[in-house]
$ cat final20.cif   # mmCIF, C-alpha atoms and all ligand atoms
data_data
#
loop_
_atom_site.label_atom_id
_atom_site.label_comp_id
_atom_site.auth_asym_id
_atom_site.auth_seq_id
_atom_site.Cartn_x
_atom_site.Cartn_y
_atom_site.Cartn_z
CA MET A 286 0.00 0.00 0.00
CA LYS A 287 1.31 3.42 -0.95
CA VAL A 288 1.15 6.27 1.54
CA PHE A 289 1.39 9.71 -0.03
CA ARG A 290 1.91 12.83 2.04
CA THR A 291 2.50 15.29 -0.77
CA ILE A 292 0.14 16.44 -3.50
CA SER A 293 2.58 15.78 -6.33
CA GLU A 294 3.20 12.16 -5.25
CA MET A 295 -0.56 11.59 -5.12
CA GLN A 296 -1.07 13.23 -8.52
CA ASN A 297 1.69 11.20 -10.17
CA TRP A 298 0.26 7.92 -8.92
CA SER A 299 -3.29 8.80 -10.03
CA HIS A 300 -1.99 9.90 -13.39
CA GLY A 301 -0.45 6.45 -13.85
CA ILE A 302 -3.82 4.81 -13.04
CA ARG A 303 -5.65 7.00 -15.54
CA THR A 304 -3.17 6.47 -18.36
CA ALA A 305 -3.52 2.71 -17.79
CA HIS A 306 -7.30 3.24 -18.33
CA LYS A 307 -8.15 1.80 -14.92
CA THR A 308 -11.06 2.95 -12.75
CA LEU A 309 -10.17 4.63 -9.47
CA GLY A 310 -12.47 4.60 -6.43
CA PHE A 311 -11.95 7.31 -3.83
CA VAL A 312 -13.08 7.32 -0.18
CA PRO A 313 -12.55 10.68 1.57
CA THR A 314 -12.31 10.46 5.37
CA MET A 315 -11.11 12.43 8.38
CA GLY A 316 -9.52 9.33 9.90
CA ALA A 317 -10.22 7.39 13.11
CA LEU A 318 -11.64 4.79 10.76
CA HIS A 319 -14.50 2.47 11.79
CA GLU A 320 -16.78 -0.06 10.10
CA GLY A 321 -18.74 2.74 8.43
CA HIS A 322 -15.62 3.85 6.57
CA ILE A 323 -14.72 0.22 5.86
CA SER A 324 -18.08 -0.34 4.15
CA LEU A 325 -17.25 2.55 1.78
CA ILE A 326 -13.80 1.07 1.11
CA ASN A 327 -15.38 -2.34 0.37
CA CYS A 328 -17.81 -0.68 -2.01
CA ALA A 329 -14.92 0.98 -3.85
CA ARG A 330 -13.03 -2.31 -3.91
CA GLU A 331 -15.99 -4.03 -5.60
CA MET A 332 -16.65 -1.24 -8.11
CA THR A 333 -13.23 -0.07 -9.20
CA ASP A 334 -9.77 -1.37 -10.19
CA LYS A 335 -7.85 0.72 -7.65
CA VAL A 336 -8.85 2.28 -4.34
CA VAL A 337 -7.52 5.42 -2.70
CA VAL A 338 -8.50 6.62 0.79
CA SER A 339 -7.75 10.11 2.00
CA ILE A 340 -7.22 10.82 5.69
CA PHE A 341 -7.33 14.53 6.33
CA LEU A 342 -8.80 16.27 9.34
CA ASN A 343 -10.04 19.33 7.49
CA PRO A 344 -9.98 22.31 9.86
CA ILE A 345 -11.98 24.62 7.58
CA GLN A 346 -15.11 22.49 8.01
CA PHE A 347 -15.09 22.82 11.81
CA ASP A 348 -17.22 25.66 13.11
CA ASN A 349 -16.35 24.68 16.68
CA GLN A 350 -12.67 24.72 17.68
CA GLU A 351 -13.30 22.45 20.68
CA ASP A 352 -14.80 19.83 18.35
CA LEU A 353 -11.66 20.02 16.19
CA ARG A 354 -9.33 19.90 19.19
CA THR A 355 -10.99 16.78 20.61
CA TYR A 356 -11.55 14.99 17.29
CA PRO A 357 -10.05 11.47 17.65
CA ILE A 358 -6.87 10.75 15.67
CA SER A 359 -5.45 7.25 15.10
CA GLU A 360 -3.11 7.43 12.15
CA GLU A 361 -1.23 4.19 12.77
CA ASN A 362 -4.35 2.14 13.26
CA ASP A 363 -6.00 3.75 10.22
CA LEU A 364 -3.09 2.68 8.03
CA LEU A 365 -3.26 -0.88 9.39
CA LEU A 366 -7.00 -0.99 8.68
CA CYS A 367 -6.52 0.32 5.13
CA GLU A 368 -3.80 -2.23 4.49
CA ALA A 369 -6.03 -5.03 5.79
CA GLU A 370 -8.77 -3.87 3.40
CA ASN A 371 -6.38 -3.98 0.40
CA VAL A 372 -6.46 -0.25 -0.18
CA ASP A 373 -3.98 0.67 -2.92
CA ALA A 374 -3.08 4.15 -1.75
CA VAL A 375 -3.67 6.44 1.23
CA PHE A 376 -3.41 10.20 0.83
CA MET A 377 -2.52 12.01 4.07
CA PRO A 378 -1.59 15.61 3.29
CA THR A 379 -0.69 18.17 5.94
CA TYR A 380 -2.76 21.31 6.52
CA GLU A 381 0.02 23.45 5.00
CA LYS A 382 0.04 21.38 1.81
CA MET A 383 -3.74 21.70 1.38
CA TYR A 384 -4.04 25.35 2.41
CA PRO A 385 -0.76 27.13 1.71
CA GLU A 386 -0.20 30.75 2.65
CA PHE A 387 -2.60 33.17 0.94
CA TYR A 388 -5.14 30.44 0.26
CA GLN A 389 -8.32 32.31 -0.80
CA THR A 390 -10.84 30.11 -2.57
CA ASN A 391 -14.06 28.76 -1.14
CA ILE A 392 -16.79 26.62 -2.72
CA GLN A 393 -20.35 27.39 -1.72
CA VAL A 394 -23.30 25.16 -2.59
CA LYS A 395 -26.07 27.59 -1.70
CA GLU A 396 -29.64 26.57 -0.80
CA ILE A 397 -28.98 22.93 0.09
CA THR A 398 -26.51 23.89 2.81
CA LYS A 399 -28.63 26.54 4.53
CA GLY A 400 -30.91 24.49 6.80
CA LEU A 401 -30.41 21.38 8.96
CA CYS A 402 -26.71 21.07 9.91
CA GLY A 403 -25.90 24.19 7.88
CA ALA A 404 -28.09 26.30 10.17
CA SER A 405 -26.14 25.46 13.31
CA ARG A 406 -22.69 24.88 11.77
CA GLU A 407 -21.84 28.07 9.93
CA GLY A 408 -19.41 27.55 7.06
CA HIS A 409 -19.30 23.79 7.62
CA PHE A 410 -20.52 22.77 4.17
CA ASP A 411 -18.35 25.39 2.43
CA GLY A 412 -15.42 23.69 4.12
CA VAL A 413 -16.63 20.26 3.07
CA ALA A 414 -17.34 21.22 -0.56
CA THR A 415 -14.00 23.03 -0.83
CA VAL A 416 -11.90 20.17 0.48
CA VAL A 417 -13.80 17.56 -1.54
CA LEU A 418 -13.34 19.54 -4.74
CA LYS A 419 -9.63 19.97 -3.97
CA LEU A 420 -9.32 16.22 -3.31
CA PHE A 421 -11.20 15.40 -6.53
CA ASN A 422 -8.86 17.69 -8.47
CA ILE A 423 -5.75 16.15 -6.93
CA ILE A 424 -6.84 12.50 -7.14
CA GLN A 425 -9.13 12.64 -10.20
CA PRO A 426 -11.07 9.52 -9.24
CA THR A 427 -13.61 7.91 -11.57
CA HIS A 428 -15.84 7.10 -8.55
CA ALA A 429 -16.16 8.60 -5.07
CA ILE A 430 -18.01 6.87 -2.25
CA PHE A 431 -19.87 8.69 0.53
CA GLY A 432 -21.96 7.52 3.48
CA GLU A 433 -25.70 8.22 3.69
CA LYS A 434 -25.11 8.87 7.40
CA ASP A 435 -24.07 12.43 6.43
CA TYR A 436 -27.10 12.93 4.23
CA GLN A 437 -26.87 16.69 3.72
CA GLN A 438 -23.19 16.31 2.87
CA LEU A 439 -24.04 13.66 0.26
CA VAL A 440 -26.72 15.88 -1.35
CA THR A 441 -24.30 18.83 -1.31
CA ILE A 442 -21.54 16.86 -3.04
CA ARG A 443 -23.95 15.45 -5.63
CA ARG A 444 -25.14 19.00 -6.36
CA MET A 445 -21.58 20.33 -6.68
CA VAL A 446 -20.66 17.51 -9.08
CA VAL A 447 -23.67 18.25 -11.30
CA ASP A 448 -23.31 22.04 -11.12
CA LEU A 449 -19.57 22.06 -11.87
CA ASN A 450 -19.65 19.18 -14.40
CA LEU A 451 -17.12 17.15 -12.47
CA PRO A 452 -16.20 13.89 -14.21
CA VAL A 453 -16.72 11.64 -11.19
CA GLU A 454 -19.52 9.24 -10.30
CA ILE A 455 -20.85 9.71 -6.75
CA VAL A 456 -21.85 6.47 -5.06
CA SER A 457 -23.56 6.30 -1.66
CA ARG A 458 -23.67 3.54 0.95
CA PRO A 459 -26.17 2.99 3.78
CA THR A 460 -25.38 3.90 7.38
CA VAL A 461 -23.56 1.19 9.32
CA ARG A 462 -24.96 0.79 12.85
CA GLU A 463 -24.08 -0.91 16.11
CA GLU A 464 -26.29 -3.84 17.04
CA ASP A 465 -28.51 -1.57 19.14
CA GLY A 466 -28.99 0.86 16.24
CA LEU A 467 -26.52 3.62 17.14
CA ALA A 468 -24.97 4.88 13.89
CA LEU A 469 -21.21 4.42 13.89
CA SER A 470 -19.45 7.75 14.19
CA THR A 471 -15.96 8.79 15.14
CA ARG A 472 -17.54 11.10 17.71
CA ASN A 473 -19.14 8.12 19.53
CA GLN A 474 -15.71 7.60 21.12
CA ARG A 475 -16.32 10.75 23.14
CA LEU A 476 -19.57 9.48 24.71
CA SER A 477 -19.61 8.18 28.28
CA LYS A 478 -21.48 4.93 28.91
CA LYS A 479 -24.48 6.88 30.13
CA GLU A 480 -24.39 9.32 27.23
CA ARG A 481 -24.26 6.43 24.80
CA GLN A 482 -27.56 5.17 26.26
CA HIS A 483 -29.12 8.62 25.78
CA ALA A 484 -27.85 8.67 22.19
CA LEU A 485 -30.01 5.67 21.33
CA ALA A 486 -32.99 8.04 21.25
CA LEU A 487 -31.84 9.03 17.75
CA TYR A 488 -32.41 5.53 16.42
CA ARG A 489 -35.64 5.11 18.38
CA SER A 490 -36.93 8.32 16.76
CA ILE A 491 -36.04 6.92 13.32
CA LYS A 492 -37.90 3.71 14.10
CA ALA A 493 -40.94 5.71 15.24
CA VAL A 494 -40.99 7.80 12.03
CA GLN A 495 -40.54 4.70 9.88
CA ALA A 496 -43.36 2.86 11.66
CA THR A 497 -45.72 5.85 11.37
CA PHE A 498 -44.83 6.20 7.69
CA LYS A 499 -45.45 2.49 7.14
CA ASN A 500 -48.89 2.91 8.68
CA GLY A 501 -49.71 5.28 5.84
CA GLU A 502 -49.08 8.67 7.50
CA ARG A 503 -47.85 11.23 4.93
CA ASN A 504 -48.31 14.47 6.87
CA ALA A 505 -44.82 15.72 7.78
CA ASP A 506 -45.89 17.32 11.09
CA ARG A 507 -47.53 14.12 12.26
CA LEU A 508 -44.54 12.04 11.20
CA LEU A 509 -42.31 14.44 13.12
CA GLY A 510 -44.70 14.23 16.05
CA ALA A 511 -43.80 10.55 16.37
CA ALA A 512 -40.10 11.46 16.47
CA ASN A 513 -40.50 14.34 18.90
CA GLU A 514 -42.44 12.19 21.34
CA ILE A 515 -39.31 10.02 21.67
CA LEU A 516 -36.76 12.84 21.57
CA ASN A 517 -38.58 15.05 24.09
CA ASP A 518 -38.91 12.11 26.44
CA GLU A 519 -35.14 11.59 26.57
CA ALA A 520 -33.84 13.97 29.21
CA GLY A 521 -30.17 13.29 28.40
CA ILE A 522 -30.21 14.97 24.99
CA MET A 523 -30.75 18.44 23.57
CA ILE A 524 -32.42 18.59 20.16
CA ASP A 525 -30.64 20.69 17.54
CA TYR A 526 -33.17 19.87 14.82
CA ALA A 527 -35.56 17.14 13.73
CA GLU A 528 -37.03 17.73 10.28
CA ILE A 529 -38.58 16.07 7.29
CA ARG A 530 -37.36 17.33 3.96
CA ASP A 531 -37.55 16.40 0.32
CA ALA A 532 -34.82 13.77 -0.27
CA GLU A 533 -33.33 15.25 -3.43
CA PHE A 534 -33.08 18.99 -2.80
CA LEU A 535 -33.75 19.11 0.95
CA HIS A 536 -36.66 21.51 0.48
CA PRO A 537 -38.97 21.77 3.50
CA ILE A 538 -42.19 19.84 2.82
CA SER A 539 -45.53 19.46 4.57
CA ARG A 540 -46.47 16.15 2.94
CA VAL A 541 -44.38 13.18 1.84
CA ASP A 542 -45.57 12.77 -1.75
CA LYS A 543 -42.15 11.84 -3.08
CA ASP A 544 -39.03 10.44 -1.43
CA ALA A 545 -38.22 12.36 1.75
CA VAL A 546 -35.64 12.26 4.49
CA TYR A 547 -36.14 12.43 8.24
CA ALA A 548 -32.97 14.12 9.52
CA VAL A 549 -32.11 14.66 13.17
CA ALA A 550 -29.27 16.19 15.16
CA VAL A 551 -28.90 16.24 18.93
CA PHE A 552 -26.35 17.15 21.55
CA VAL A 553 -25.52 14.44 24.05
CA GLY A 554 -23.44 16.34 26.57
CA LEU A 555 -20.87 18.17 24.44
CA VAL A 556 -21.06 15.70 21.56
CA ARG A 557 -23.25 16.51 18.57
CA LEU A 558 -24.66 13.46 16.79
CA ILE A 559 -26.67 13.21 13.57
CA ASP A 560 -28.74 10.49 11.98
CA ASN A 561 -31.40 10.13 9.30
CA CYS A 562 -33.57 7.77 7.32
CA VAL A 563 -35.00 8.05 3.84
CA LEU A 564 -38.78 7.62 3.50
CA LYS A 565 -39.31 6.05 0.10
CA VAL A 566 -42.63 6.64 -1.62
P1 LIG A 601 -15.78 11.25 8.19
O1 LIG A 601 -14.49 10.56 8.42
O2 LIG A 601 -16.66 11.32 9.39
O3 LIG A 601 -15.64 12.54 7.45
O4 LIG A 601 -16.59 10.30 7.20
C1 LIG A 601 -16.05 9.88 5.99
C2 LIG A 601 -17.11 9.16 5.20
O5 LIG A 601 -17.59 8.05 5.96
C3 LIG A 601 -18.33 10.04 4.88
O6 LIG A 601 -18.76 9.78 3.56
C4 LIG A 601 -19.34 9.56 5.90
O7 LIG A 601 -20.68 9.75 5.47
C5 LIG A 601 -19.00 8.08 5.99
N1 LIG A 601 -19.52 7.50 7.23
C6 LIG A 601 -19.32 7.95 8.50
N2 LIG A 601 -20.00 7.18 9.38
C7 LIG A 601 -20.63 6.23 8.65
C8 LIG A 601 -21.51 5.14 8.97
N3 LIG A 601 -21.86 4.87 10.22
N4 LIG A 601 -21.97 4.38 7.95
C9 LIG A 601 -21.62 4.64 6.67
N5 LIG A 601 -20.80 5.64 6.30
C10 LIG A 601 -20.32 6.43 7.26
#
$ encode --input "final20.cif" --output "structure tokens" --more "lines below"
Ligand code: AMP
Amino acid sequence: MKVFRTISEMQNWSHGIRTAHKTLGFVPTMGALHEGHISLINCAREMTDKVVVSIFLNPIQFDNQEDLRTYPISEENDLLLCEAENVDAVFMPTYEKMYPEFYQTNIQVKEITKGLCGASREGHFDGVATVVLKLFNIIQPTHAIFGEKDYQQLVTIRRMVVDLNLPVEIVSRPTVREEDGLALSTRNQRLSKKERQHALALYRSIKAVQATFKNGERNADRLLGAANEILNDEAGIMIDYAEIRDAEFLHPISRVDKDAVYAVAVFVGLVRLIDNCVLKV
């Protein structure tokens, strides 16, 4: 497995893959890899000839410096995991390589990033779109794989790829969960045992929305009512948002007449967790 720490090394390797007319699957991550990331790597492995994983804790997407400071890092273990999953190359640039002095440019995907996580994390999605575009330009993958766990991020990247005519196919994979339903997240490491129990309310709220939807309810307020009953009952969490939106553009909706997403974010102590489920019509 190759490990590249400079942009030119990464570019040279990718160039070789392209000139050999091979497909290249790319999995962007911020490290501290878990089974959720591994499922994306496996997807790339199945779809493409070569697989590259990036590990870059991107400071410009953090609106909260404490969140950045406490974000788990496990470089050595990440490399071992990638090697075990037959990853061909890992790209681990430094901050200075990605954002040299006088760096000025920012990508903004407008409407889609305004509500939900965008409302409480100012500049977050600009940071995500900017780093993903930079990584696409450096690596030039044929495919890039993202998790549905970060639903608004996925919709934002899909929009950017369409709007800017980027020659990459975006592939998404379902959320990987613990046995009790908690979505795997690097930030779960920061939960105490008690907080982890409180965090299960997220999944219970998803189950409640899904069950209500299955019973034929299409009114968004009533579907949300089922979620809020669970979330409000859980004293150990603070709701950031719980909303039902159109699945493609994330427009607010009052009825689920086409595919929609129930998206939820809560604070459990100092840790902010998100989850979602798609309601397919
Ligand atoms: P991160 O390292 O948190 O930036 O995540 C990198 C990629 O892994 C993103 O595309 C995430 O959506 C995806 N991801 C994170 N957690 C999960 C999960 N539990 N299941 C599936 N994909 C995930």
$ residues_near_ligand --input "final20.cif" --ligand "ligand LIG 601 (chain A)" --cutoff "10 Å" --atoms "all atoms listed in the file" --output "ChimeraX atom specification"
/A:312-326,338-343,346,413,429-439,456-463,467-472,559-560
$ closest_atom_pairs --input "final20.cif" --of "range 478-557 of chain A" --to "range 379-397 of chain A" --cutoff "8 Å" --atoms "all atoms listed in the file" --output "JSON lines"
{"residue": "A:Phe534", "atom": "CA", "partner": "A:Ile397", "partner_atom": "CA", "distance": 6.4}
{"residue": "A:Leu535", "atom": "CA", "partner": "A:Ile397", "partner_atom": "CA", "distance": 6.2}
{"residue": "A:His536", "atom": "CA", "partner": "A:Ile397", "partner_atom": "CA", "distance": 7.8}
$ residues_around --input "final20.cif" --residues "range 491-508 of chain A" --least-positions-apart "2" --cutoff "7 Å" --atoms "all atoms listed in the file" --output "list in words"
Leu487, Tyr488, Arg489, Gly510, Ala511, Ala512, Ile529, Ile538, Ser539, Arg540, Val541, Asn561 and Cys562 of chain A
$ closest_residue --input "final20.cif" --among "A:Ile302, A:Leu401, A:Met445, A:Leu564" --to "Pro537 in chain A" --atoms "all atoms listed in the file"
A:Leu401
$ closest_residue --input "final20.cif" --among "A:Pro452, A:Gly310, A:Gly301, A:Gly412" --to "Arg330 in chain A" --atoms "only C-alpha atoms"
A:Gly310
$ closest_atom_pairs --input "final20.cif" --of "range 312-408 of chain A" --to "range 547-554 of chain A" --cutoff "12 Å" --atoms "all atoms listed in the file" --output "CSV"
residue,atom,partner,partner_atom,distance
A:Gly400,CA,A:Ala548,CA,10.9
A:Leu401,CA,A:Ala548,CA,7.7
A:Cys402,CA,A:Ala550,CA,7.6
A:Gly403,CA,A:Ala550,CA,11.3
A:Ala404,CA,A:Ala550,CA,11.3
A:Ser405,CA,A:Ala550,CA,10.0
A:Arg406,CA,A:Ala550,CA,11.4
$ closest_residue --input "final20.cif" --among "A:Arg303, A:Asn327, A:Arg475, A:Glu294" --to "Leu366 in chain A" --atoms "only C-alpha atoms"
A:Asn327
$ closest_residue --input "final20.cif" --among "A:Ala484, A:Ile515, A:Leu509, A:Cys328" --to "Ile455 in chain A" --atoms "all atoms listed in the file"
A:Cys328
$ atom_distance --input "final20.cif" --atom1 "CA of Phe347 in chain A" --atom2 "CA of Pro378 in chain A"
17.5 Å
